[in-house]
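Listing of data03.cif; format and content: mmCIF, C-alpha atoms and all ligand atoms.
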data_work
#
loop_
_atom_site.label_atom_id
_atom_site.label_comp_id
_atom_site.auth_asym_id
_atom_site.auth_seq_id
_atom_site.Cartn_x
_atom_site.Cartn_y
_atom_site.Cartn_z
CA MET Y 1 42.13 113.53 -139.61
CA ARG Y 2 41.32 115.96 -142.43
CA ILE Y 3 38.37 118.11 -141.37
CA GLY Y 4 36.40 120.44 -143.65
CA VAL Y 5 34.22 123.45 -142.87
CA PRO Y 6 32.12 124.68 -145.81
CA SER Y 7 30.14 127.95 -145.82
CA GLU Y 8 26.50 127.40 -144.89
CA ILE Y 9 24.30 127.94 -147.95
CA LYS Y 10 20.79 127.69 -146.47
CA LYS Y 11 18.94 131.01 -146.88
CA GLN Y 12 20.15 133.62 -144.42
CA GLU Y 13 22.16 131.09 -142.44
CA SER Y 14 25.29 132.78 -141.10
CA ARG Y 15 26.49 130.27 -138.54
CA VAL Y 16 29.63 128.23 -139.21
CA GLY Y 17 30.53 124.69 -138.14
CA LEU Y 18 33.79 125.47 -136.31
CA THR Y 19 35.07 128.65 -134.64
CA PRO Y 20 38.77 129.58 -134.89
CA GLU Y 21 39.08 128.54 -131.21
CA SER Y 22 37.77 125.03 -132.04
CA VAL Y 23 40.04 124.84 -135.09
CA GLY Y 24 43.00 125.82 -132.90
CA ASP Y 25 42.32 122.90 -130.54
CA LEU Y 26 41.93 120.45 -133.45
CA VAL Y 27 45.16 121.62 -135.09
CA SER Y 28 46.99 121.34 -131.74
CA ALA Y 29 45.77 117.74 -131.54
CA GLY Y 30 47.44 117.03 -134.89
CA HIS Y 31 44.51 117.41 -137.30
CA GLU Y 32 44.30 119.35 -140.57
CA VAL Y 33 41.38 121.74 -140.99
CA PHE Y 34 40.21 123.14 -144.35
CA VAL Y 35 37.89 126.15 -144.12
CA GLN Y 36 36.03 127.62 -147.11
CA SER Y 37 37.04 131.23 -147.69
CA ASN Y 38 34.65 133.59 -145.87
CA ALA Y 39 32.79 130.70 -144.16
CA GLY Y 40 32.94 132.57 -140.83
CA VAL Y 41 32.18 136.07 -142.07
CA GLY Y 42 28.49 135.98 -141.11
CA SER Y 43 29.52 135.13 -137.54
CA GLY Y 44 32.08 137.93 -137.53
CA LEU Y 45 35.02 135.52 -138.03
CA SER Y 46 37.62 136.35 -140.70
CA ASP Y 47 39.80 134.03 -142.78
CA GLU Y 48 42.81 135.58 -140.99
CA GLU Y 49 41.49 134.38 -137.63
CA TYR Y 50 41.34 130.83 -139.02
CA THR Y 51 44.79 130.93 -140.66
CA ALA Y 52 46.27 132.31 -137.43
CA VAL Y 53 45.35 129.05 -135.65
CA GLY Y 54 46.63 126.81 -138.45
CA ALA Y 55 43.62 126.29 -140.76
CA THR Y 56 44.04 126.09 -144.52
CA ILE Y 57 41.66 128.42 -146.35
CA VAL Y 58 40.32 126.91 -149.59
CA PRO Y 59 38.43 128.84 -152.27
CA ASP Y 60 35.15 126.93 -152.57
CA ALA Y 61 32.94 124.12 -151.27
CA ASP Y 62 34.25 121.67 -153.87
CA ALA Y 63 37.74 122.10 -152.44
CA VAL Y 64 36.47 121.57 -148.86
CA PHE Y 65 34.68 118.33 -149.72
CA LYS Y 66 37.62 117.05 -151.82
CA SER Y 67 40.18 117.85 -149.09
CA ALA Y 68 38.33 116.52 -146.04
CA GLU Y 69 37.03 113.22 -144.63
CA LEU Y 70 35.00 114.78 -141.81
CA ILE Y 71 32.65 117.60 -142.81
CA VAL Y 72 31.48 119.74 -139.87
CA LYS Y 73 28.45 121.90 -140.68
CA VAL Y 74 25.46 123.49 -138.99
CA LYS Y 75 22.36 122.95 -141.14
CA GLU Y 76 21.14 119.90 -143.03
CA PRO Y 77 22.98 119.54 -146.36
CA GLN Y 78 21.32 121.29 -149.27
CA PRO Y 79 21.05 119.21 -152.49
CA GLU Y 80 24.24 120.65 -154.02
CA GLU Y 81 26.12 119.71 -150.82
CA THR Y 82 24.65 116.20 -150.70
CA ALA Y 83 25.84 115.75 -154.30
CA ARG Y 84 29.43 116.32 -153.10
CA LEU Y 85 29.28 113.61 -150.41
CA THR Y 86 30.92 110.20 -151.02
CA PRO Y 87 31.38 106.98 -149.01
CA ALA Y 88 34.70 108.47 -147.81
CA HIS Y 89 32.90 111.28 -145.93
CA THR Y 90 31.54 111.55 -142.42
CA LEU Y 91 29.00 114.37 -142.13
CA PHE Y 92 28.43 115.87 -138.67
CA THR Y 93 25.59 118.43 -138.59
CA TYR Y 94 21.86 118.92 -137.87
CA LEU Y 95 19.92 116.63 -140.21
CA HIS Y 96 16.22 116.74 -139.15
CA LEU Y 97 15.75 113.84 -141.53
CA ALA Y 98 12.41 112.39 -140.36
CA PRO Y 99 10.24 114.92 -142.25
CA ASP Y 100 12.65 115.24 -145.23
CA PRO Y 101 12.52 112.27 -147.68
CA VAL Y 102 14.40 114.16 -150.41
CA GLN Y 103 17.42 114.74 -148.18
CA ALA Y 104 17.17 111.14 -146.89
CA LYS Y 105 17.35 109.71 -150.41
CA GLY Y 106 20.30 111.97 -151.26
CA LEU Y 107 22.27 110.89 -148.20
CA ILE Y 108 21.50 107.22 -148.81
CA LYS Y 109 22.68 107.54 -152.41
CA SER Y 110 25.90 109.31 -151.39
CA GLY Y 111 27.11 106.35 -149.29
CA CYS Y 112 28.38 108.77 -146.61
CA THR Y 113 28.21 108.29 -142.85
CA ALA Y 114 25.92 110.99 -141.41
CA ILE Y 115 25.75 111.76 -137.68
CA ALA Y 116 22.92 114.09 -136.63
CA TYR Y 117 23.58 116.60 -133.86
CA GLU Y 118 19.96 116.52 -132.71
CA THR Y 119 19.87 112.88 -131.59
CA VAL Y 120 23.26 112.67 -129.82
CA THR Y 121 22.51 112.06 -126.14
CA GLU Y 122 24.20 112.52 -122.75
CA PRO Y 123 24.17 110.41 -119.57
CA SER Y 124 21.39 112.48 -117.97
CA GLY Y 125 19.14 111.75 -120.97
CA GLY Y 126 19.35 115.24 -122.52
CA LEU Y 127 20.29 116.20 -126.07
CA PRO Y 128 23.55 118.13 -125.59
CA LEU Y 129 23.96 119.25 -129.21
CA LEU Y 130 20.36 120.41 -129.60
CA ARG Y 131 20.30 122.19 -126.23
CA PRO Y 132 22.29 125.32 -127.12
CA MET Y 133 20.21 126.04 -130.23
CA SER Y 134 16.98 125.29 -128.38
CA GLN Y 135 18.09 127.82 -125.76
CA VAL Y 136 18.63 130.39 -128.52
CA ALA Y 137 15.35 129.57 -130.34
CA GLY Y 138 13.36 129.64 -127.08
CA ARG Y 139 14.70 133.03 -126.03
CA MET Y 140 14.39 134.39 -129.55
CA SER Y 141 10.79 133.21 -129.88
CA MET Y 142 9.63 135.95 -127.48
CA GLN Y 143 11.64 138.56 -129.36
CA VAL Y 144 10.00 137.66 -132.69
CA ALA Y 145 6.57 137.18 -131.13
CA ALA Y 146 6.66 140.58 -129.43
CA TRP Y 147 7.37 142.07 -132.85
CA ALA Y 148 4.68 140.02 -134.65
CA LEU Y 149 2.05 140.99 -132.06
CA MET Y 150 2.44 144.65 -132.97
CA ARG Y 151 -0.40 146.09 -135.03
CA THR Y 152 2.18 147.37 -137.52
CA ARG Y 153 2.96 143.70 -138.22
CA ARG Y 154 -0.80 142.86 -138.42
CA GLY Y 155 -0.76 141.28 -134.97
CA ARG Y 156 -3.27 141.89 -132.16
CA GLY Y 157 -1.64 145.17 -131.24
CA LEU Y 158 -0.56 144.00 -127.81
CA LEU Y 159 2.47 144.74 -125.69
CA LEU Y 160 3.50 141.37 -124.21
CA GLY Y 161 3.62 142.63 -120.64
CA GLY Y 162 0.95 145.34 -120.97
CA VAL Y 163 1.25 148.34 -118.64
CA PRO Y 164 -0.35 148.97 -115.23
CA GLY Y 165 -4.15 148.89 -115.59
CA THR Y 166 -4.16 146.64 -118.69
CA GLN Y 167 -4.08 142.87 -119.28
CA PRO Y 168 -0.73 141.33 -120.23
CA ALA Y 169 -0.69 139.04 -123.29
CA LYS Y 170 -1.76 135.44 -122.62
CA VAL Y 171 1.12 133.21 -123.70
CA ILE Y 172 0.83 129.46 -124.10
CA ILE Y 173 3.98 127.42 -124.47
CA ILE Y 174 3.44 123.83 -125.62
CA GLY Y 175 6.41 121.73 -124.52
CA GLY Y 176 8.30 122.61 -121.36
CA GLY Y 177 11.71 121.30 -122.43
CA VAL Y 178 14.75 123.38 -123.27
CA SER Y 179 13.23 125.77 -125.84
CA GLY Y 180 9.92 126.03 -123.96
CA THR Y 181 11.63 126.83 -120.66
CA ASN Y 182 13.85 129.46 -122.27
CA ALA Y 183 10.79 131.00 -123.93
CA ALA Y 184 9.06 131.06 -120.54
CA GLU Y 185 12.03 132.76 -118.87
CA ILE Y 186 11.92 135.66 -121.34
CA ALA Y 187 8.11 135.86 -121.34
CA VAL Y 188 8.05 136.07 -117.54
CA GLY Y 189 10.79 138.70 -117.70
CA MET Y 190 8.59 140.69 -120.06
CA ARG Y 191 5.68 140.26 -117.60
CA ALA Y 192 3.38 138.24 -119.86
CA ASP Y 193 0.77 135.81 -118.48
CA VAL Y 194 2.47 132.46 -119.15
CA THR Y 195 1.18 128.87 -119.12
CA VAL Y 196 3.41 125.92 -120.05
CA PHE Y 197 1.86 122.66 -121.29
CA ASP Y 198 3.68 119.33 -121.17
CA ARG Y 199 2.84 115.63 -120.99
CA ASN Y 200 5.67 114.88 -118.60
CA ASN Y 201 4.44 115.35 -115.02
CA ASN Y 202 7.95 115.48 -113.58
CA ARG Y 203 8.78 118.30 -115.97
CA LEU Y 204 5.65 120.20 -114.94
CA ALA Y 205 6.66 119.86 -111.29
CA GLU Y 206 10.18 121.10 -112.02
CA LEU Y 207 8.80 124.12 -113.87
CA ASP Y 208 6.41 124.88 -111.05
CA ALA Y 209 9.32 124.90 -108.61
CA GLN Y 210 11.70 126.77 -110.92
CA PHE Y 211 9.32 129.64 -111.60
CA ASN Y 212 7.93 129.78 -108.09
CA GLY Y 213 4.37 130.42 -109.26
CA LEU Y 214 5.23 132.98 -111.96
CA VAL Y 215 4.38 130.41 -114.65
CA LYS Y 216 1.22 128.27 -114.66
CA THR Y 217 1.61 124.65 -115.72
CA MET Y 218 -0.97 122.40 -117.42
CA TYR Y 219 -1.02 118.77 -118.42
CA SER Y 220 -1.24 118.71 -122.23
CA THR Y 221 -4.33 117.01 -123.66
CA LYS Y 222 -6.40 117.76 -126.75
CA ALA Y 223 -9.08 119.29 -124.53
CA SER Y 224 -6.83 121.37 -122.26
CA LEU Y 225 -4.97 122.77 -125.27
CA ALA Y 226 -8.18 123.53 -127.20
CA ALA Y 227 -9.55 125.54 -124.28
CA ALA Y 228 -6.32 127.50 -123.80
CA VAL Y 229 -5.77 128.20 -127.48
CA LYS Y 230 -9.10 130.08 -127.69
CA GLU Y 231 -7.91 132.54 -125.05
CA ALA Y 232 -4.31 132.87 -126.22
CA ASP Y 233 -2.66 135.91 -127.77
CA LEU Y 234 0.52 133.94 -128.46
CA VAL Y 235 1.20 130.20 -128.77
CA ILE Y 236 4.73 128.82 -128.86
CA GLY Y 237 5.14 125.28 -130.27
CA ALA Y 238 8.15 123.73 -128.51
CA VAL Y 239 7.46 119.99 -128.41
CA LEU Y 240 9.86 117.22 -129.33
CA ILE Y 241 9.77 113.45 -129.62
CA PRO Y 242 13.46 112.84 -130.43
CA GLY Y 243 14.07 111.79 -134.02
CA ALA Y 244 10.33 111.75 -134.83
CA SER Y 245 8.09 114.11 -136.75
CA ALA Y 246 6.35 116.56 -134.42
CA PRO Y 247 2.77 115.68 -133.40
CA LYS Y 248 0.13 118.09 -134.79
CA LEU Y 249 -1.41 119.74 -131.74
CA ILE Y 250 -3.47 122.61 -133.22
CA SER Y 251 -5.71 121.92 -136.22
CA ARG Y 252 -6.70 124.30 -138.97
CA GLU Y 253 -10.29 124.19 -137.64
CA GLN Y 254 -9.07 125.44 -134.26
CA LEU Y 255 -7.65 128.61 -135.81
CA LYS Y 256 -11.25 129.78 -136.25
CA THR Y 257 -11.71 129.67 -132.48
CA MET Y 258 -8.71 131.95 -131.88
CA LYS Y 259 -8.55 135.73 -131.46
CA PRO Y 260 -7.83 137.56 -134.74
CA GLY Y 261 -4.20 138.68 -134.91
CA ALA Y 262 -3.02 136.05 -132.44
CA VAL Y 263 0.47 134.71 -133.18
CA LEU Y 264 1.75 131.13 -133.49
CA VAL Y 265 5.51 130.55 -133.32
CA ASP Y 266 6.35 126.97 -134.35
CA ILE Y 267 9.85 126.29 -133.05
CA ALA Y 268 9.29 122.58 -133.79
CA ILE Y 269 9.02 123.32 -137.52
CA ASP Y 270 12.36 121.62 -138.16
CA GLN Y 271 10.69 118.35 -137.16
CA GLY Y 272 7.72 119.11 -139.42
CA GLY Y 273 5.94 121.55 -137.09
CA CYS Y 274 3.31 121.01 -134.37
CA PHE Y 275 0.48 123.07 -135.89
CA GLU Y 276 -1.46 121.65 -138.87
CA THR Y 277 -1.08 124.95 -140.76
CA SER Y 278 2.70 125.30 -140.24
CA LYS Y 279 5.03 125.35 -143.21
CA PRO Y 280 8.72 126.31 -143.06
CA THR Y 281 9.56 129.98 -143.64
CA THR Y 282 12.85 131.85 -143.87
CA HIS Y 283 14.27 134.91 -142.10
CA GLU Y 284 13.68 136.80 -145.33
CA ASP Y 285 9.91 136.33 -145.17
CA PRO Y 286 9.24 134.77 -141.77
CA ILE Y 287 5.51 135.33 -141.18
CA TYR Y 288 2.36 134.33 -143.05
CA ASP Y 289 -1.33 134.55 -142.21
CA VAL Y 290 -3.89 131.72 -142.12
CA ASP Y 291 -7.45 132.74 -141.25
CA GLY Y 292 -6.20 135.91 -139.52
CA ILE Y 293 -3.70 134.01 -137.32
CA LEU Y 294 -0.03 134.91 -137.87
CA HIS Y 295 2.43 132.03 -138.22
CA TYR Y 296 6.20 132.36 -137.65
CA CYS Y 297 7.86 129.09 -138.74
CA VAL Y 298 11.56 129.71 -139.34
CA ALA Y 299 13.45 126.41 -139.20
CA ASN Y 300 16.83 127.98 -138.45
CA MET Y 301 15.99 130.66 -135.93
CA PRO Y 302 19.51 130.68 -134.37
CA GLY Y 303 20.88 131.57 -137.81
CA ALA Y 304 19.69 135.15 -137.22
CA VAL Y 305 21.99 135.54 -134.21
CA PRO Y 306 25.03 133.69 -135.58
CA ARG Y 307 27.60 135.27 -133.33
CA THR Y 308 25.86 133.90 -130.24
CA SER Y 309 24.80 130.66 -131.90
CA THR Y 310 28.09 129.64 -133.53
CA TYR Y 311 29.89 129.89 -130.19
CA ALA Y 312 27.09 128.20 -128.22
CA LEU Y 313 27.00 125.34 -130.73
CA ASN Y 314 30.80 124.89 -130.77
CA ASN Y 315 30.92 124.76 -126.98
CA ALA Y 316 28.78 121.63 -127.27
CA THR Y 317 30.06 120.02 -130.49
CA LEU Y 318 33.83 120.37 -130.06
CA PRO Y 319 34.30 117.41 -127.67
CA PHE Y 320 32.48 115.13 -130.13
CA VAL Y 321 34.33 116.50 -133.19
CA MET Y 322 37.56 115.87 -131.27
CA GLN Y 323 36.55 112.26 -130.52
CA ILE Y 324 35.72 111.55 -134.17
CA ALA Y 325 38.94 113.19 -135.32
CA ASN Y 326 41.17 111.43 -132.76
CA LYS Y 327 39.68 107.94 -133.02
CA GLY Y 328 38.19 107.82 -136.51
CA THR Y 329 34.44 107.67 -137.12
CA LYS Y 330 33.88 103.96 -136.53
CA ALA Y 331 35.86 103.71 -133.26
CA ALA Y 332 34.39 106.98 -131.96
CA LEU Y 333 30.85 105.70 -132.56
CA ASN Y 334 31.55 102.26 -131.09
CA GLU Y 335 33.25 103.68 -127.98
CA ASN Y 336 30.65 106.35 -127.21
CA ALA Y 337 27.03 105.14 -127.09
CA HIS Y 338 25.82 108.73 -126.78
CA LEU Y 339 27.49 109.80 -130.00
CA ALA Y 340 26.23 106.56 -131.56
CA HIS Y 341 22.64 107.72 -130.98
CA GLY Y 342 23.36 110.37 -133.62
CA LEU Y 343 24.25 107.85 -136.35
CA THR Y 344 21.49 108.27 -138.93
CA VAL Y 345 22.85 107.14 -142.30
CA ALA Y 346 25.66 104.72 -143.17
CA GLU Y 347 26.60 102.54 -146.12
CA GLY Y 348 23.53 103.52 -148.11
CA HIS Y 349 20.95 102.85 -145.38
CA ILE Y 350 19.07 104.76 -142.71
CA THR Y 351 20.52 103.53 -139.40
CA HIS Y 352 18.15 105.28 -136.95
CA GLU Y 353 15.02 103.27 -136.17
CA GLN Y 354 12.66 106.19 -135.41
CA VAL Y 355 13.82 108.23 -138.40
CA ALA Y 356 13.35 105.23 -140.71
CA ARG Y 357 9.87 104.60 -139.33
CA ASP Y 358 8.79 108.20 -139.95
CA LEU Y 359 10.21 108.10 -143.47
CA GLY Y 360 8.51 104.77 -144.20
CA MET Y 361 11.91 103.27 -144.97
CA THR Y 362 13.74 100.23 -143.66
CA TYR Y 363 16.69 100.69 -141.34
CA LYS Y 364 19.89 98.68 -141.35
CA LEU Y 365 22.96 98.97 -139.17
CA PRO Y 366 26.41 98.50 -140.69
CA ASP Y 367 28.31 95.33 -139.69
CA TRP Y 368 31.05 97.35 -137.97
CA PHE Y 369 28.56 99.20 -135.73
CA LYS Y 370 28.76 97.65 -132.25
CA PRO Y 371 28.51 100.53 -129.75
CA GLU Y 372 29.52 99.80 -126.16
CA ALA Y 373 26.57 99.98 -123.77
N1 LIG Y 401 13.22 126.41 -135.35
C1 LIG Y 401 14.47 126.42 -134.91
O1 LIG Y 401 15.29 127.21 -135.33
C2 LIG Y 401 14.88 125.47 -133.85
C3 LIG Y 401 14.10 124.43 -133.56
N2 LIG Y 401 14.40 123.57 -132.55
C4 LIG Y 401 13.43 122.48 -132.34
O2 LIG Y 401 12.58 122.78 -131.24
C5 LIG Y 401 11.95 121.56 -130.84
C6 LIG Y 401 11.99 121.44 -129.32
O3 LIG Y 401 13.32 121.21 -128.89
P1 LIG Y 401 13.72 121.16 -127.33
O4 LIG Y 401 13.05 122.23 -126.60
O5 LIG Y 401 15.20 121.05 -127.28
O6 LIG Y 401 13.11 119.75 -126.92
P2 LIG Y 401 13.01 119.13 -125.45
O7 LIG Y 401 13.11 117.65 -125.62
O8 LIG Y 401 13.92 119.80 -124.49
O9 LIG Y 401 11.52 119.50 -125.01
C7 LIG Y 401 10.38 119.00 -125.67
C8 LIG Y 401 9.27 118.88 -124.65
O10 LIG Y 401 8.05 118.58 -125.37
C9 LIG Y 401 7.28 117.77 -124.52
N3 LIG Y 401 6.21 117.16 -125.29
C10 LIG Y 401 6.26 116.11 -126.14
N4 LIG Y 401 5.02 115.87 -126.64
C11 LIG Y 401 4.19 116.81 -126.11
C12 LIG Y 401 2.81 117.11 -126.24
N5 LIG Y 401 2.00 116.37 -127.03
N6 LIG Y 401 2.29 118.15 -125.54
C13 LIG Y 401 3.09 118.91 -124.75
N7 LIG Y 401 4.40 118.67 -124.58
C14 LIG Y 401 4.95 117.64 -125.25
C15 LIG Y 401 8.29 116.81 -123.92
O11 LIG Y 401 7.78 116.18 -122.75
C16 LIG Y 401 9.45 117.77 -123.63
O12 LIG Y 401 9.42 118.30 -122.31
C17 LIG Y 401 12.73 120.46 -131.59
O13 LIG Y 401 11.99 120.05 -132.72
C18 LIG Y 401 13.99 121.15 -132.01
O14 LIG Y 401 14.61 120.55 -133.14
C19 LIG Y 401 15.50 123.73 -131.76
C20 LIG Y 401 16.35 124.78 -132.02
C21 LIG Y 401 16.14 125.69 -133.13
C1 LIG Y 402 18.43 123.01 -134.23
C2 LIG Y 402 18.38 123.63 -135.53
O1 LIG Y 402 17.77 123.12 -136.42
C3 LIG Y 402 19.03 124.89 -135.75
O2 LIG Y 402 19.71 125.38 -134.86
O3 LIG Y 402 18.87 125.43 -136.85
MG MG Y 403 16.27 123.84 -137.39
#

Mind converting the file's structure to structure tokens?
Ligand SMILES: NC(=O)C1=CN([C@@H]2O[C@H](COP(=O)(O)OP(=O)(O)OC[C@H]3O[C@@H](n4cnc5c(N)ncnc54)[C@H](O)[C@@H]3O)[C@@H](O)[C@H]2O)C=CC1
Ligand SMILES: CC(=O)C(=O)O
Ligand SMILES: [Mg+2]
Amino acid sequence: MRIGVPSEIKKQESRVGLTPESVGDLVSAGHEVFVQSNAGVGSGLSDEEYTAVGATIVPDADAVFKSAELIVKVKEPQPEETARLTPAHTLFTYLHLAPDPVQAKGLIKSGCTAIAYETVTEPSGGLPLLRPMSQVAGRMSMQVAAWALMRTRRGRGLLLGGVPGTQPAKVIIIGGGVSGTNAAEIAVGMRADVTVFDRNNNRLAELDAQFNGLVKTMYSTKASLAAAVKEADLVIGAVLIPGASAPKLISREQLKTMKPGAVLVDIAIDQGGCFETSKPTTHEDPIYDVDGILHYCVANMPGAVPRTSTYALNNATLPFVMQIANKGTKAALNENAHLAHGLTVAEGHITHEQVARDLGMTYKLPDWFKPEA
């Protein structure tokens, strides 16, 4: 198959869809890979590293999209990328389509087949292509929060762990999944006072055992969250209902009950955000203030640590890219029900029920789509 890797063009996004190591494996399996010149530079990967493993370097994105059938990216396509997609293309990338009607309409119009990383599943029920970036975002959330809490950044002027004789920061993590657990690991390491909220009792029990008492756990209700938010110095939003827009768990009104200079980090912003006052920000200007509460809402947090993130993402995506390349898109989707869960757009229709519901659109599966159970 002809596979294309364009440069990412979202603001300050330096990850790249395939590493030279992944390209090497695809070329060895008989595929052709077209990489846009300098696509890997932000991740410290040169054109020479790609040519050394058999990739063809092409000068611009137009050439990538014209040369390739399978486009492997990282972030959701920006409008100028969507405009290059045709019914001949399969797009494999993060889409986060539920809160993004403009992108949805563009993909529908293009006629392409779009498979979203974030809804591909695995036998244990996890989301294998979201996991590595949720690990990065969770760990990074404490790094950015520690910085935002400094008085020099207009935060509460707190050191996360305090020092002997002072109170550590009170950290609330809403959602004890992959990103929430990784956030908790770093917060505990920094000696903060950490409570994780979730609605899944099994998950709360696992966290209780994993952290051996170093993290408190709470069942997440409107009331339990409202009480905790008043006392919090830092709140991390890390919830997910796969494919759906994030539920709003802290209202604008509630900000008035919080301590001035407290920090909210909304990791779930790519699904629309879980705080009423969240709106997407970029690495260039990541933090804004609402009623004295600082909000960090960067939708591509892993993009700031591309060297780590590109490799972590490729470790997870390569087996699926290989399946699509070896079998063709239709057979790969029909023979792997877990990959099939990622199918989101095909033949001019949304094909994912939950995504369509959130967008207020109808969903229709293509006639050829008959995934094995
Ligand atoms: N901003 C960024 O750069 C990045 C954002 N993300 C996003 O972070 C979000 C979380 O992803 P993961 O941690 O992988 O998800 P996950 O599925 O591992 O965990 C989500 C957890 O939220 C819990 N939950 C659902 N509703 C809840 C509620 N009302 N109250 C408390 N807990 C609730 C679930 O039970 C689950 O344990 C996703 O939207 C994902 O796309 C992931 C990576 C990077
Ligand atoms: C998951 C995601 O949206 C990201 O890594 O940017
Ligand atoms: Mg994102």

message = Give me, as a list of chain:residue names, all polymer residues having an atom no more than 12 Å from Pro260 of chain Y, counting only C-alpha atoms and skipping those fewer than 4 positions away in the same chain.
response =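 Everything that qualifies: Y:Leu149, Y:Arg151, Y:Arg154, Y:Gly155, Y:Arg156, Y:Gly157, Y:Leu158, Y:Lys230, Y:Glu231, Y:Ala232, Y:Asp233, Y:Leu234, Y:Leu255, Y:Lys256, Y:Leu264, Y:Asp289, Y:Val290, Y:Asp291, Y:Gly292, Y:Ile293, Y:Leu294.
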
task = Select the residues contacting ligand MG 403 (chain Y) at a distance of at most 6 Å, based on all atoms listed in the file, then format the selection as a ChimeraX atom specification.
result = /Y:270,299-300

message = I'd like to know which of Y:Gly17, Y:Gly348, Y:Gly342, Y:Pro6 is closest to Pro371 of chain Y, using all atoms listed in the file.
response =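 Closest to Pro371 of chain Y, using all atoms listed in the file: Y:Gly342.
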
query = Within 6 Å of ligand LIG 401 (chain Y), counting only C-alpha atoms and all ligand atoms, which protein or nucleic acid residues do you find, written as a ChimeraX atom specification?
reply = /Y:130-131,133-134,137,174-180,197-200,220,238-241,267-271,298-302

task = Choose the residue, out of Y:Leu159, Y:Ala116, Y:Leu333, Y:Ile287, that has the smallest atom-to-atom separation from ligand LIG 402 (chain Y); count all atoms listed in the file.
result =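 For ligand LIG 402 (chain Y), the nearest of the candidates is Y:Ala116.
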
request  = In Å, rounded to a single decimal, give me how far atom CA of His338 of chain Y is from atom CA of Val35 of chain Y.
outcome  = 27.4 Å

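The space separating atom CA of Ala340 of chain Y from atom CA of Lys66 of chain Y comes to 25.5 Å.
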
Between atom CA of Tyr117 of chain Y and atom CA of Tyr94 of chain Y, distance in Å (one decimal) =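 Atom CA of Tyr94 of chain Y lies 4.9 Å from atom CA of Tyr117 of chain Y.
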
Among listed residues Y:Gln103, Y:Ser46, Y:Gln354, Y:Ser251, nearest Glu276 of chain Y (using all atoms listed in the file) = Y:Ser251

task = List every protein, DNA or RNA residue that has at least one atom no more than 8 Å from (35.5, 118.4, -147.4) in the file's coordinates, counting all atoms listed in the file, and write the result as a list of chain:residue names.
result =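 Checking each residue against the 8 Å limit leaves Y:Ile3, Y:Gly4, Y:Val5, Y:Pro6, Y:Phe34, Y:Ala61, Y:Asp62, Y:Ala63, Y:Val64, Y:Phe65, Y:Lys66, Y:Ser67, Y:Ala68, Y:Glu69, Y:Leu70, Y:Ile71, Y:His89.
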
Could you give me the axis-aligned bounding box of ligand LIG 402 (chain Y), with 4 Å of padding per side, as centre plus edge lengths in Å to one decimal, as AutoDock Vina command-line options?
--center_x 18.7 --center_y 124.2 --center_z -135.5 --size_x 9.9 --size_y 10.4 --size_z 10.6

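The residue that comes closest to Met140 of chain Y, out of Y:Thr121, Y:Ser43, Y:Asn202, Y:Asn182 and on the basis of all atoms listed in the file, is Y:Asn182.
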
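The nearest approach to ligand LIG 402 (chain Y) among the residues Y:His341, Y:Lys75, Y:Lys170, Y:Lys105, with all atoms listed in the file taken into account, belongs to Y:Lys75.
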
ask   = How would you write as a PyMOL selection string the residues that get within 7 Å of (28.6, 120.1, -143.2) in the file's frame, counting only C-alpha atoms?
value = chain Y and resi 5-6+71-74+77+91-93

message = Counting only C-alpha atoms, which residue out of Y:Val235, Y:Leu207, Y:Leu214, Y:Cys112 sits closest to Ala146 of chain Y?
response = Y:Val235

Some atoms are missing, so please complete segment 252-260 of chain Y with N, CA and C atoms and return it as a PDB file, keeping the file's coordinate frame.
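Once written, selection.pdb looks like this:
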ATOM      1  N   ARG Y 252      -6.258 123.130-138.208  1.00  0.00           N
ATOM      2  CA  ARG Y 252      -6.700 124.300-138.970  1.00  0.00           C
ATOM      3  C   ARG Y 252      -8.050 124.789-138.449  1.00  0.00           C
ATOM      4  N   GLU Y 253      -8.966 123.842-138.175  1.00  0.00           N
ATOM      5  CA  GLU Y 253     -10.290 124.190-137.640  1.00  0.00           C
ATOM      6  C   GLU Y 253     -10.185 125.061-136.391  1.00  0.00           C
ATOM      7  N   GLN Y 254      -9.213 124.715-135.537  1.00  0.00           N
ATOM      8  CA  GLN Y 254      -9.070 125.440-134.260  1.00  0.00           C
ATOM      9  C   GLN Y 254      -8.675 126.895-134.453  1.00  0.00           C
ATOM     10  N   LEU Y 255      -8.054 127.213-135.585  1.00  0.00           N
ATOM     11  CA  LEU Y 255      -7.650 128.610-135.810  1.00  0.00           C
ATOM     12  C   LEU Y 255      -8.869 129.517-135.763  1.00  0.00           C
ATOM     13  N   LYS Y 256     -10.019 128.971-136.210  1.00  0.00           N
ATOM     14  CA  LYS Y 256     -11.250 129.780-136.250  1.00  0.00           C
ATOM     15  C   LYS Y 256     -11.713 130.165-134.847  1.00  0.00           C
ATOM     16  N   THR Y 257     -11.292 129.387-133.856  1.00  0.00           N
ATOM     17  CA  THR Y 257     -11.710 129.670-132.480  1.00  0.00           C
ATOM     18  C   THR Y 257     -10.792 130.707-131.819  1.00  0.00           C
ATOM     19  N   MET Y 258      -9.707 131.062-132.512  1.00  0.00           N
ATOM     20  CA  MET Y 258      -8.710 131.950-131.880  1.00  0.00           C
ATOM     21  C   MET Y 258      -9.022 133.425-132.114  1.00  0.00           C
ATOM     22  N   LYS Y 259      -8.360 134.275-131.324  1.00  0.00           N
ATOM     23  CA  LYS Y 259      -8.550 135.730-131.460  1.00  0.00           C
ATOM     24  C   LYS Y 259      -7.851 136.213-132.727  1.00  0.00           C
ATOM     25  N   PRO Y 260      -8.484 137.061-133.524  1.00  0.00           N
ATOM     26  CA  PRO Y 260      -7.830 137.560-134.740  1.00  0.00           C
ATOM     27  C   PRO Y 260      -6.533 138.293-134.388  1.00  0.00           C
TER      28      PRO Y 260
END
